[in-house]
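Novice: Sharing upload19.cif, mmCIF, C-alpha atoms:
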data_upload
loop_
_atom_site.label_atom_id
_atom_site.label_comp_id
_atom_site.auth_asym_id
_atom_site.auth_seq_id
_atom_site.Cartn_x
_atom_site.Cartn_y
_atom_site.Cartn_z
CA MET A 1 -1.71 -42.91 -23.31
CA ARG A 2 0.86 -40.18 -23.89
CA HIS A 3 -0.57 -36.73 -24.48
CA THR A 4 1.20 -36.58 -27.83
CA THR A 5 -0.48 -39.77 -29.02
CA ARG A 6 -3.85 -38.64 -27.72
CA PHE A 7 -3.47 -35.30 -29.48
CA ARG A 8 -2.68 -36.95 -32.82
CA ARG A 9 -5.74 -39.14 -32.54
CA LEU A 10 -7.94 -36.15 -31.79
CA LEU A 11 -6.57 -34.30 -34.84
CA GLU A 12 -7.08 -37.30 -37.12
CA ALA A 13 -10.63 -38.01 -35.92
CA PRO A 14 -13.53 -37.20 -38.27
CA GLU A 15 -14.93 -34.58 -35.89
CA ILE A 16 -13.16 -31.24 -35.69
CA LEU A 17 -11.06 -30.72 -32.56
CA VAL A 18 -12.11 -27.52 -30.77
CA MET A 19 -9.38 -26.06 -28.58
CA PRO A 20 -10.01 -23.07 -26.31
CA GLY A 21 -7.17 -20.72 -25.59
CA VAL A 22 -5.82 -20.57 -22.04
CA HIS A 23 -3.22 -18.26 -20.54
CA ASP A 24 -2.19 -19.93 -17.28
CA GLY A 25 -2.78 -22.94 -15.06
CA LEU A 26 -6.06 -21.64 -13.63
CA SER A 27 -7.63 -20.97 -17.01
CA ALA A 28 -6.45 -24.41 -18.15
CA ARG A 29 -8.28 -26.03 -15.21
CA LEU A 30 -11.44 -24.15 -16.11
CA ALA A 31 -11.26 -25.23 -19.76
CA VAL A 32 -10.89 -28.86 -18.74
CA GLU A 33 -13.74 -28.48 -16.24
CA ALA A 34 -15.91 -27.33 -19.17
CA GLY A 35 -15.19 -30.60 -20.96
CA PHE A 36 -12.51 -29.77 -23.55
CA GLU A 37 -10.20 -32.62 -24.51
CA ALA A 38 -7.24 -30.41 -25.43
CA VAL A 39 -6.25 -26.77 -24.95
CA THR A 40 -3.90 -24.29 -26.58
CA MET A 41 -1.88 -21.33 -25.41
CA GLY A 42 -0.31 -18.87 -27.82
CA GLY A 43 2.26 -16.16 -27.39
CA PHE A 44 -0.43 -13.44 -27.43
CA ALA A 45 -2.11 -14.76 -24.28
CA ALA A 46 1.12 -15.81 -22.57
CA THR A 47 2.80 -12.44 -23.12
CA GLY A 48 -0.27 -10.54 -21.99
CA SER A 49 -0.68 -12.70 -18.90
CA LEU A 50 2.97 -12.77 -17.83
CA LEU A 51 4.16 -9.32 -18.91
CA GLY A 52 1.09 -7.20 -19.68
CA GLU A 53 2.78 -6.53 -23.03
CA PRO A 54 2.03 -7.10 -26.74
CA ASP A 55 2.83 -10.32 -28.59
CA SER A 56 6.15 -9.21 -30.06
CA SER A 57 8.82 -11.82 -29.25
CA GLN A 58 9.41 -10.43 -25.76
CA LEU A 59 9.25 -13.80 -24.00
CA GLY A 60 12.30 -16.01 -24.40
CA LEU A 61 12.50 -19.73 -24.98
CA GLN A 62 12.97 -20.79 -21.36
CA GLU A 63 10.33 -18.38 -20.05
CA LEU A 64 7.76 -19.88 -22.40
CA ALA A 65 8.87 -23.47 -21.82
CA ASP A 66 8.56 -22.99 -18.05
CA HIS A 67 5.12 -21.42 -18.44
CA TYR A 68 3.99 -24.30 -20.65
CA ALA A 69 5.23 -26.82 -18.08
CA ARG A 70 2.98 -25.24 -15.45
CA VAL A 71 -0.01 -25.22 -17.81
CA VAL A 72 0.59 -28.87 -18.75
CA ASP A 73 0.65 -29.85 -15.07
CA ALA A 74 -2.57 -27.99 -14.35
CA ALA A 75 -4.47 -29.12 -17.45
CA GLY A 76 -3.93 -32.88 -17.45
CA VAL A 77 -4.96 -32.95 -21.14
CA PRO A 78 -2.95 -32.34 -24.34
CA VAL A 79 -1.59 -28.79 -24.58
CA PHE A 80 -0.79 -27.30 -28.00
CA SER A 81 1.95 -24.67 -27.82
CA ASP A 82 3.47 -21.72 -29.65
CA ALA A 83 7.22 -21.61 -30.38
CA ASP A 84 7.06 -18.30 -32.27
CA THR A 85 9.75 -18.10 -34.97
CA GLY A 86 11.85 -20.78 -33.26
CA PHE A 87 13.86 -18.29 -31.17
CA GLY A 88 16.63 -17.97 -33.75
CA ASN A 89 18.14 -20.20 -36.44
CA VAL A 90 17.97 -23.96 -36.93
CA THR A 91 20.15 -24.55 -33.86
CA ASN A 92 17.76 -22.56 -31.68
CA VAL A 93 14.79 -24.40 -33.16
CA ARG A 94 16.30 -27.76 -32.19
CA ARG A 95 16.81 -26.56 -28.62
CA ALA A 96 13.28 -25.16 -28.51
CA VAL A 97 11.72 -28.47 -29.53
CA ARG A 98 13.66 -30.30 -26.84
CA ALA A 99 12.74 -27.75 -24.18
CA TYR A 100 9.07 -27.91 -25.12
CA GLU A 101 9.15 -31.70 -25.10
CA ARG A 102 10.55 -31.61 -21.56
CA ALA A 103 7.71 -29.25 -20.63
CA GLY A 104 5.26 -31.96 -21.70
CA VAL A 105 3.41 -30.28 -24.55
CA ALA A 106 1.53 -32.43 -27.05
CA GLY A 107 2.42 -30.29 -30.03
CA LEU A 108 4.01 -27.01 -31.07
CA PHE A 109 4.22 -24.72 -34.04
CA ILE A 110 6.79 -22.44 -35.59
CA GLU A 111 6.08 -19.65 -38.05
CA ASP A 112 7.77 -17.98 -41.00
CA GLN A 113 7.64 -14.41 -39.73
CA ILE A 114 10.77 -12.31 -39.37
CA PHE A 115 12.06 -11.63 -35.84
CA PRO A 116 10.66 -9.95 -33.83
CA LYS A 117 7.31 -11.39 -34.84
CA ARG A 118 3.93 -9.70 -34.53
CA CYS A 119 0.49 -11.01 -33.69
CA GLY A 120 -0.93 -12.54 -36.85
CA HIS A 121 -3.90 -10.17 -36.90
CA THR A 122 -1.91 -6.94 -36.58
CA PRO A 123 -0.27 -4.91 -39.39
CA GLY A 124 3.40 -4.66 -40.25
CA LYS A 125 4.28 -8.34 -40.52
CA GLY A 126 7.13 -9.68 -42.61
CA VAL A 127 8.12 -13.21 -43.59
CA VAL A 128 11.50 -14.83 -44.11
CA PRO A 129 12.55 -16.47 -47.40
CA VAL A 130 10.82 -19.81 -47.69
CA GLU A 131 14.09 -21.77 -47.81
CA ASP A 132 15.07 -20.31 -44.42
CA PHE A 133 11.84 -21.54 -42.88
CA LEU A 134 12.06 -24.96 -44.52
CA GLY A 135 15.43 -25.39 -42.80
CA LYS A 136 13.84 -24.54 -39.46
CA LEU A 137 10.97 -26.94 -40.08
CA LYS A 138 13.35 -29.78 -40.92
CA ALA A 139 15.36 -29.01 -37.79
CA ALA A 140 12.19 -29.15 -35.67
CA LEU A 141 11.08 -32.46 -37.16
CA ASP A 142 14.53 -33.99 -36.64
CA ALA A 143 14.85 -32.70 -33.06
CA ARG A 144 11.81 -34.37 -31.55
CA THR A 145 12.46 -37.52 -29.56
CA ASP A 146 8.78 -38.50 -29.39
CA PRO A 147 7.61 -39.27 -32.94
CA ASP A 148 4.03 -38.46 -31.92
CA LEU A 149 4.87 -34.87 -30.96
CA VAL A 150 2.84 -32.79 -33.42
CA ILE A 151 4.83 -30.17 -35.35
CA MET A 152 2.73 -27.53 -37.09
CA ALA A 153 4.07 -25.12 -39.71
CA ARG A 154 2.48 -21.67 -39.86
CA THR A 155 2.77 -19.15 -42.65
CA ASP A 156 1.90 -15.47 -42.42
CA ALA A 157 2.58 -14.94 -46.13
CA LEU A 158 -1.07 -14.33 -47.04
CA ALA A 159 -1.13 -10.87 -45.48
CA VAL A 160 2.34 -10.00 -46.80
CA LEU A 161 2.66 -11.64 -50.23
CA GLY A 162 -0.88 -12.78 -51.07
CA ILE A 163 -2.90 -15.98 -51.18
CA GLU A 164 -0.93 -17.66 -53.98
CA GLU A 165 2.37 -17.40 -52.10
CA ALA A 166 0.68 -18.58 -48.90
CA LEU A 167 -0.71 -21.64 -50.68
CA GLU A 168 2.68 -22.39 -52.24
CA ARG A 169 4.36 -22.22 -48.86
CA ALA A 170 1.72 -24.45 -47.28
CA HIS A 171 2.30 -27.02 -50.06
CA LEU A 172 6.05 -26.93 -49.39
CA PHE A 173 5.57 -27.28 -45.65
CA ARG A 174 3.33 -30.29 -46.12
CA GLU A 175 5.84 -31.90 -48.48
CA ALA A 176 8.60 -31.27 -45.91
CA GLY A 177 6.70 -33.34 -43.35
CA ALA A 178 4.72 -30.91 -41.20
CA ASP A 179 2.02 -32.78 -39.30
CA LEU A 180 -0.38 -29.85 -39.21
CA LEU A 181 -0.64 -26.69 -41.36
CA PHE A 182 -1.77 -23.17 -40.54
CA VAL A 183 -2.26 -20.39 -43.06
CA GLU A 184 -2.82 -17.30 -40.91
CA SER A 185 -5.43 -14.60 -41.50
CA PRO A 186 -7.58 -15.71 -44.47
CA ARG A 187 -9.94 -12.82 -45.21
CA SER A 188 -12.95 -14.79 -46.43
CA GLU A 189 -14.65 -18.17 -46.32
CA ALA A 190 -13.63 -18.60 -49.97
CA GLU A 191 -9.95 -18.29 -49.02
CA MET A 192 -10.49 -20.79 -46.21
CA ARG A 193 -11.95 -23.26 -48.69
CA ARG A 194 -9.02 -22.77 -51.05
CA ILE A 195 -6.55 -23.45 -48.24
CA CYS A 196 -8.21 -26.69 -47.20
CA GLY A 197 -9.13 -27.84 -50.68
CA GLU A 198 -5.93 -27.07 -52.58
CA VAL A 199 -3.30 -27.88 -49.96
CA GLY A 200 -4.90 -30.81 -48.18
CA GLY A 201 -3.45 -32.36 -45.06
CA LEU A 202 -4.56 -31.43 -41.56
CA GLN A 203 -5.39 -27.74 -41.34
CA LEU A 204 -5.89 -25.42 -38.37
CA ALA A 205 -8.35 -22.52 -38.24
CA ASN A 206 -7.58 -19.57 -35.99
CA MET A 207 -10.63 -17.77 -34.61
CA ILE A 208 -9.76 -14.31 -33.33
CA GLU A 209 -12.64 -12.22 -32.02
CA TYR A 210 -12.66 -8.85 -33.82
CA GLY A 211 -9.76 -10.08 -36.00
CA GLN A 212 -9.27 -10.21 -39.75
CA SER A 213 -10.75 -13.65 -40.51
CA PRO A 214 -14.45 -14.57 -40.58
CA GLU A 215 -15.70 -15.74 -37.21
CA LEU A 216 -17.30 -19.13 -37.87
CA ASP A 217 -18.57 -21.85 -35.58
CA ALA A 218 -16.96 -25.26 -35.28
CA ALA A 219 -19.51 -27.03 -37.47
CA SER A 220 -18.95 -24.56 -40.32
CA LEU A 221 -15.17 -24.89 -40.02
CA GLN A 222 -15.45 -28.66 -40.12
CA ASP A 223 -17.58 -28.41 -43.26
CA ILE A 224 -14.88 -26.28 -44.90
CA GLY A 225 -12.32 -28.97 -44.12
CA PHE A 226 -10.41 -27.90 -41.01
CA ALA A 227 -9.18 -30.61 -38.65
CA THR A 228 -8.98 -28.31 -35.65
CA ALA A 229 -9.92 -24.80 -34.63
CA VAL A 230 -8.53 -22.65 -31.85
CA TRP A 231 -9.85 -19.61 -30.00
CA PRO A 232 -6.50 -18.47 -28.57
CA VAL A 233 -7.21 -14.95 -27.31
CA SER A 234 -10.74 -15.34 -25.94
CA SER A 235 -9.64 -15.95 -22.35
CA VAL A 236 -7.53 -12.80 -22.06
CA LEU A 237 -10.12 -10.63 -23.83
CA THR A 238 -12.74 -11.88 -21.36
CA LEU A 239 -10.39 -11.45 -18.41
CA VAL A 240 -9.68 -7.81 -19.28
CA LYS A 241 -13.36 -6.91 -19.40
CA ALA A 242 -14.19 -8.75 -16.18
CA LEU A 243 -11.32 -7.25 -14.19
CA ARG A 244 -11.98 -3.76 -15.52
CA GLY A 245 -15.49 -4.01 -14.12
CA LEU A 246 -14.27 -5.34 -10.79
CA TYR A 247 -11.60 -2.71 -10.27
CA ALA A 248 -13.88 0.12 -11.40
CA ALA A 249 -16.53 -0.96 -8.88
CA LEU A 250 -14.01 -1.19 -6.04
CA ARG A 251 -12.52 2.20 -6.90
CA ARG A 252 -15.95 3.81 -7.21
CA ASP A 253 -17.69 2.23 -4.21
CA GLY A 254 -14.93 1.24 -1.83
CA THR A 255 -16.36 -2.29 -1.88
CA THR A 256 -16.72 -5.17 -4.36
CA ALA A 257 -20.43 -5.65 -3.59
CA ALA A 258 -21.55 -4.45 -7.04
CA ALA A 259 -19.23 -6.97 -8.72
CA LYS A 260 -20.07 -10.06 -6.66
CA GLU A 261 -22.53 -11.42 -9.22
CA GLY A 262 -19.55 -11.93 -11.51
CA MET A 263 -17.64 -13.96 -8.91
CA VAL A 264 -17.73 -17.59 -7.82
CA ARG A 265 -17.92 -18.30 -4.11
CA PHE A 266 -14.65 -18.70 -2.21
CA ASP A 267 -15.37 -22.41 -1.59
CA ASP A 268 -16.05 -22.95 -5.29
CA TYR A 269 -12.60 -21.61 -6.08
CA THR A 270 -10.83 -23.74 -3.49
CA ASP A 271 -12.66 -26.81 -4.81
CA LEU A 272 -11.57 -25.95 -8.37
CA VAL A 273 -7.89 -25.71 -7.48
CA GLY A 274 -8.06 -28.90 -5.40
CA LEU A 275 -7.62 -27.63 -1.84
CA PRO A 276 -9.78 -30.37 -0.18
CA ALA A 277 -7.79 -33.10 -1.95
CA LEU A 278 -4.52 -31.41 -1.02
CA ARG A 279 -5.48 -31.26 2.67
CA ALA A 280 -6.58 -34.89 2.60
CA ARG A 281 -3.28 -35.91 1.01
CA GLU A 282 -1.30 -33.98 3.61
CA GLN A 283 -3.22 -35.65 6.43
CA ASP A 284 -2.76 -39.07 4.85
CA TYR A 285 1.02 -38.67 4.87
CA LEU A 286 0.94 -37.55 8.49
CA ASP A 287 -1.25 -40.53 9.42
CA GLN A 288 1.09 -42.92 7.61
CA ALA A 289 4.11 -41.47 9.39
CA ALA A 290 2.39 -41.67 12.77
CA ALA A 291 1.34 -45.29 12.18
CA ALA A 292 4.86 -46.28 11.11
CA LEU A 293 6.39 -44.60 14.15
CA ALA A 294 3.88 -46.26 16.50
CA GLY A 295 4.65 -49.65 14.95
CA ARG A 296 8.38 -49.11 15.37
CA ARG A 297 7.93 -48.18 19.01
CA ARG A 298 5.79 -51.23 19.69
CA ALA A 299 8.39 -53.49 18.06
CA ALA A 300 11.14 -51.91 20.13
CA GLY A 301 9.12 -52.01 23.25
#
With the file now loaded, output its structure as structure tokens.
Specialist:
Amino acid sequence: MRHTTRFRRLLEAPEILVMPGVHDGLSARLAVEAGFEAVTMGGFAATGSLLGEPDSSQLGLQELADHYARVVDAAGVPVFSDADTGFGNVTNVRRAVRAYERAGVAGLFIEDQIFPKRCGHTPGKGVVPVEDFLGKLKAALDARTDPDLVIMARTDALAVLGIEEALERAHLFREAGADLLFVESPRSEAEMRRICGEVGGLQLANMIEYGQSPELDAASLQDIGFATAVWPVSSVLTLVKALRGLYAALRRDGTTAAAKEGMVRFDDYTDLVGLPALRAREQDYLDQAAAALAGRRRAAG
């Protein structure tokens, strides 16, 4: 089954789809090892991981598409992706959808922020006129070659123009054909219930630790009416704390001994990334080549 088709079925299932955030191929492998059926990677985690910089439109289309291709290869499950503001106008949006499709993602979203965008839970955001975004959304829907590729429309209007404008935009995006809807940064459970109840359709909840929205568990979000929930920055927030501790210990002690309880064993890591299988595959090819050569020599002989 194609990852796009699988992703749609997971979104349409009665049980909420929980997607952890990843930031690279290794974190994707770990999420899958934990049992998740799909993963997501947003611009916040990708920019932090690749550049050590804020989520502010610094990564270009091809940089992100290439990074997603590596994550898709490592994950082996549907990957939901972030296409920021579409990297320009409707022409750029069409190219972005095609590039992301080639990368193998199961779905993507574009948002109605002005360029350069900002992380949805930081101040100073702005949104484009709704007609400009509707043109981008139509371009994205028309550009996909796989009809099962999920296109999500995100609005950041709630923080800029208020809940009524955000709801109006979500209604328009649903009418335009968006497969999945995302109203960013609701400030209360009551606003969450309004979003799901008044707009309808498949809705995404964004759980940001220490962010502006209530931090709820998956069961509560399902009860409110969300089809899926993502935790897109958890991996990088955890990574920063873990590596700070490691580097502080090494700097202080001249050894990593005090940090070893936070590490897996070397063999555990090589098993995770598939080194034994890789070595076996390499030897198999050598054995096949040797057998073929021996057979040729016998036949000639």
Novice: Any chance you could resolve the PyMOL selection byres ((chain A and resi 64-72) around 10) against this file and give the residues as an MDAnalysis selection string?
Specialist: chainID A and resid 3 22:29 39:43 46:47 50 59:63 73:83 96:106
Novice: Write the residues you've just listed into a file as a compact mmCIF listing (two decimals), keeping the file's coordinate frame, and include C-alpha atoms for each of them.
Specialist:
# COMPACT_ATOMS: atom_id res chain seq x y z
CA HIS A 3 -0.57 -36.73 -24.48
CA VAL A 22 -5.82 -20.57 -22.04
CA HIS A 23 -3.22 -18.26 -20.54
CA ASP A 24 -2.19 -19.93 -17.28
CA GLY A 25 -2.78 -22.94 -15.06
CA LEU A 26 -6.06 -21.64 -13.63
CA SER A 27 -7.63 -20.97 -17.01
CA ALA A 28 -6.45 -24.41 -18.15
CA ARG A 29 -8.28 -26.03 -15.21
CA VAL A 39 -6.25 -26.77 -24.95
CA THR A 40 -3.90 -24.29 -26.58
CA MET A 41 -1.88 -21.33 -25.41
CA GLY A 42 -0.31 -18.87 -27.82
CA GLY A 43 2.26 -16.16 -27.39
CA ALA A 46 1.12 -15.81 -22.57
CA THR A 47 2.80 -12.44 -23.12
CA LEU A 50 2.97 -12.77 -17.83
CA LEU A 59 9.25 -13.80 -24.00
CA GLY A 60 12.30 -16.01 -24.40
CA LEU A 61 12.50 -19.73 -24.98
CA GLN A 62 12.97 -20.79 -21.36
CA GLU A 63 10.33 -18.38 -20.05
CA ASP A 73 0.65 -29.85 -15.07
CA ALA A 74 -2.57 -27.99 -14.35
CA ALA A 75 -4.47 -29.12 -17.45
CA GLY A 76 -3.93 -32.88 -17.45
CA VAL A 77 -4.96 -32.95 -21.14
CA PRO A 78 -2.95 -32.34 -24.34
CA VAL A 79 -1.59 -28.79 -24.58
CA PHE A 80 -0.79 -27.30 -28.00
CA SER A 81 1.95 -24.67 -27.82
CA ASP A 82 3.47 -21.72 -29.65
CA ALA A 83 7.22 -21.61 -30.38
CA ALA A 96 13.28 -25.16 -28.51
CA VAL A 97 11.72 -28.47 -29.53
CA ARG A 98 13.66 -30.30 -26.84
CA ALA A 99 12.74 -27.75 -24.18
CA TYR A 100 9.07 -27.91 -25.12
CA GLU A 101 9.15 -31.70 -25.10
CA ARG A 102 10.55 -31.61 -21.56
CA ALA A 103 7.71 -29.25 -20.63
CA GLY A 104 5.26 -31.96 -21.70
CA VAL A 105 3.41 -30.28 -24.55
CA ALA A 106 1.53 -32.43 -27.05
Novice: On this file, the PyMOL selection byres ((chain A and resi 273) around 10) gives some set of residues; write that set as a compact mmCIF listing (two decimals) with C-alpha atoms, in the frame of the given file.
Specialist:
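That gives us result.txt:
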# COMPACT_ATOMS: atom_id res chain seq x y z
CA GLY A 25 -2.78 -22.94 -15.06
CA LEU A 26 -6.06 -21.64 -13.63
CA ARG A 29 -8.28 -26.03 -15.21
CA LEU A 30 -11.44 -24.15 -16.11
CA ALA A 74 -2.57 -27.99 -14.35
CA ASP A 268 -16.05 -22.95 -5.29
CA TYR A 269 -12.60 -21.61 -6.08
CA THR A 270 -10.83 -23.74 -3.49
CA ASP A 271 -12.66 -26.81 -4.81
CA LEU A 272 -11.57 -25.95 -8.37
CA GLY A 274 -8.06 -28.90 -5.40
CA LEU A 275 -7.62 -27.63 -1.84
CA PRO A 276 -9.78 -30.37 -0.18
CA ALA A 277 -7.79 -33.10 -1.95
CA LEU A 278 -4.52 -31.41 -1.02
Novice: Using the chain letters and numbering of this document, enumerate as an NGL selection string the residues selected by the PyMOL selection byres ((chain A and resi 203) around 6).
Specialist: :A and (180-182 or 202 or 204 or 226-227)
Novice: Restricting the output to C-alpha atoms, write the selected residues as an mmCIF file, in the coordinates of the input.
Specialist:
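Written output follows (again_16.cif):
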data_model
loop_
_atom_site.group_PDB
_atom_site.id
_atom_site.type_symbol
_atom_site.label_atom_id
_atom_site.label_comp_id
_atom_site.auth_asym_id
_atom_site.auth_seq_id
_atom_site.Cartn_x
_atom_site.Cartn_y
_atom_site.Cartn_z
ATOM 1 C CA LEU A 180 -0.380 -29.850 -39.210
ATOM 2 C CA LEU A 181 -0.640 -26.690 -41.360
ATOM 3 C CA PHE A 182 -1.770 -23.170 -40.540
ATOM 4 C CA LEU A 202 -4.560 -31.430 -41.560
ATOM 5 C CA LEU A 204 -5.890 -25.420 -38.370
ATOM 6 C CA PHE A 226 -10.410 -27.900 -41.010
ATOM 7 C CA ALA A 227 -9.180 -30.610 -38.650
#
Novice: Rounded to one decimal place, report the CA of Asp112 in chain A-CA of Ala170 in chain A distance in Å.
Specialist: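 A separation of 10.9 Å between them.
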Novice: Could you give me, as a tab-separated table, a per-residue list for range 36-91 of chain A showing, wherever an atom lies at most 8 Å from an atom of range 233-244 of chain A, the closest pair of atoms and their distance in Å to one decimal, using all atoms listed in the file and sorting by chain then residue number from low to high?
Specialist:
residue	atom	partner	partner_atom	distance
A:Gly42	CA	A:Val233	CA	8.0
A:Phe44	CA	A:Val233	CA	6.9
A:Ala45	CA	A:Val233	CA	5.9
A:Gly48	CA	A:Val236	CA	7.6
A:Ser49	CA	A:Val236	CA	7.5
Novice: Each residue of range 138-182 of chain A lying at most 9 Å from range 122-134 of chain A should get a row with its shortest atom-to-atom pair and the distance in Å to one decimal, counting all atoms listed in the file; could you produce that, ordered by chain and increasing number, as a tab-separated table?
Specialist:
residue	atom	partner	partner_atom	distance
A:Lys138	CA	A:Leu134	CA	6.2
A:Ala139	CA	A:Leu134	CA	8.5
A:Thr155	CA	A:Val127	CA	8.0
A:Asp156	CA	A:Val127	CA	6.7
A:Ala157	CA	A:Val127	CA	6.3
A:Ala159	CA	A:Lys125	CA	7.8
A:Val160	CA	A:Gly126	CA	6.4
A:Leu161	CA	A:Val127	CA	8.7
A:Arg169	CA	A:Val130	CA	7.0
A:Leu172	CA	A:Leu134	CA	8.0
A:Phe173	CA	A:Leu134	CA	7.0
A:Ala176	CA	A:Leu134	CA	7.3
Novice: Restricted to C-alpha atoms, what would the selected residues look like written as a CSV table (one decimal), keeping the file's coordinate frame?
Specialist:
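Resulting contents of part.csv:
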chain,number,residue,atom,x,y,z
A,138,LYS,CA,13.4,-29.8,-40.9
A,139,ALA,CA,15.4,-29.0,-37.8
A,155,THR,CA,2.8,-19.2,-42.6
A,156,ASP,CA,1.9,-15.5,-42.4
A,157,ALA,CA,2.6,-14.9,-46.1
A,159,ALA,CA,-1.1,-10.9,-45.5
A,160,VAL,CA,2.3,-10.0,-46.8
A,161,LEU,CA,2.7,-11.6,-50.2
A,169,ARG,CA,4.4,-22.2,-48.9
A,172,LEU,CA,6.0,-26.9,-49.4
A,173,PHE,CA,5.6,-27.3,-45.6
A,176,ALA,CA,8.6,-31.3,-45.9
Novice: Within 12 Å of Ser220 in chain A, counting all atoms listed in the file, which residues show up once you throw out same-chain ones fewer than 4 positions away? Write them as a ChimeraX atom specification, please.
Specialist: /A:15-16,189,192-193,205,214-216,224-229
Novice: Please, what distance in Å, to one decimal, runs between CA of Arg187 in chain A and CA of Ser213 in chain A?
Specialist: 4.8 Å
Novice: I'd like the interatomic distance between CA of Glu168 in chain A and CA of Pro232 in chain A, to a tenth of an Å.
Specialist: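 Value for the CA of Glu168 in chain A-CA of Pro232 in chain A distance: 25.7 Å.
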Novice: Between A:Leu250, A:Met263, A:Met207, A:Ala258, single out the one closest to Gly21 in chain A, counting only C-alpha atoms.
Specialist: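 Residue with the minimum atom-to-atom distance to Gly21 in chain A: A:Met207.
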Novice: Please determine the residues with any atom at most 8 Å from (-12.0, -31.4, -28.3) (coordinates as given in the file, with all atoms listed in the file counting) and report them as an NGL selection string.
Specialist: :A and (10 or 16-19 or 36-38)
Novice: For Phe87 in chain A, which of A:Lys117, A:Arg174, A:Arg297, A:Arg9 is the closest residue, counting all atoms listed in the file?
Specialist: A:Lys117
Novice: Between A:His171, A:Arg2, A:Arg154, A:Arg144, which residue has the minimum interatomic distance to Val183 in chain A, considering all atoms listed in the file?
Specialist: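 Answer, going by the shortest atom-to-atom distance: A:Arg154.
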Novice: Please put the answer as lines of an AutoDock Vina configuration file: centre and edge lengths, in Å with one decimal, of a box along x, y and z that encloses all listed atoms of range 145-157 of chain A plus 6 Å on each side.
Specialist:
center_x = 7.2
center_y = -27.1
center_z = -37.8
size_x = 22.6
size_y = 36.3
size_z = 28.7
Novice: Is there a way to complete range 6-17 of chain A with N, CA and C atoms and then write that out as a JSON list (two decimals), in the coordinates of the input?
Specialist:
[["chain", "number", "residue", "atom", "x", "y", "z"],
["A", 6, "ARG", "N", -2.45, -39.03, -27.85],
["A", 6, "ARG", "CA", -3.85, -38.64, -27.72],
["A", 6, "ARG", "C", -4.16, -37.45, -28.62],
["A", 7, "PHE", "N", -3.27, -36.49, -28.67],
["A", 7, "PHE", "CA", -3.47, -35.30, -29.48],
["A", 7, "PHE", "C", -3.54, -35.65, -30.97],
["A", 8, "ARG", "N", -2.64, -36.52, -31.42],
["A", 8, "ARG", "CA", -2.68, -36.95, -32.82],
["A", 8, "ARG", "C", -4.01, -37.61, -33.16],
["A", 9, "ARG", "N", -4.48, -38.46, -32.27],
["A", 9, "ARG", "CA", -5.74, -39.14, -32.54],
["A", 9, "ARG", "C", -6.90, -38.16, -32.61],
["A", 10, "LEU", "N", -6.89, -37.16, -31.76],
["A", 10, "LEU", "CA", -7.94, -36.15, -31.79],
["A", 10, "LEU", "C", -7.90, -35.36, -33.10],
["A", 11, "LEU", "N", -6.71, -35.04, -33.58],
["A", 11, "LEU", "CA", -6.57, -34.30, -34.84],
["A", 11, "LEU", "C", -7.02, -35.12, -36.03],
["A", 12, "GLU", "N", -6.76, -36.42, -35.98],
["A", 12, "GLU", "CA", -7.08, -37.30, -37.12],
["A", 12, "GLU", "C", -8.51, -37.82, -37.10],
["A", 13, "ALA", "N", -9.25, -37.55, -36.02],
["A", 13, "ALA", "CA", -10.63, -38.01, -35.92],
["A", 13, "ALA", "C", -11.52, -37.27, -36.91],
["A", 14, "PRO", "N", -12.63, -37.86, -37.31],
["A", 14, "PRO", "CA", -13.53, -37.20, -38.27],
["A", 14, "PRO", "C", -14.09, -35.89, -37.76],
["A", 15, "GLU", "N", -14.34, -35.80, -36.46],
["A", 15, "GLU", "CA", -14.93, -34.58, -35.89],
["A", 15, "GLU", "C", -13.85, -33.55, -35.61],
["A", 16, "ILE", "N", -14.13, -32.30, -35.92],
["A", 16, "ILE", "CA", -13.16, -31.24, -35.69],
["A", 16, "ILE", "C", -12.80, -31.14, -34.21],
["A", 17, "LEU", "N", -11.53, -30.90, -33.93],
["A", 17, "LEU", "CA", -11.06, -30.72, -32.56],
["A", 17, "LEU", "C", -11.14, -29.23, -32.22]]
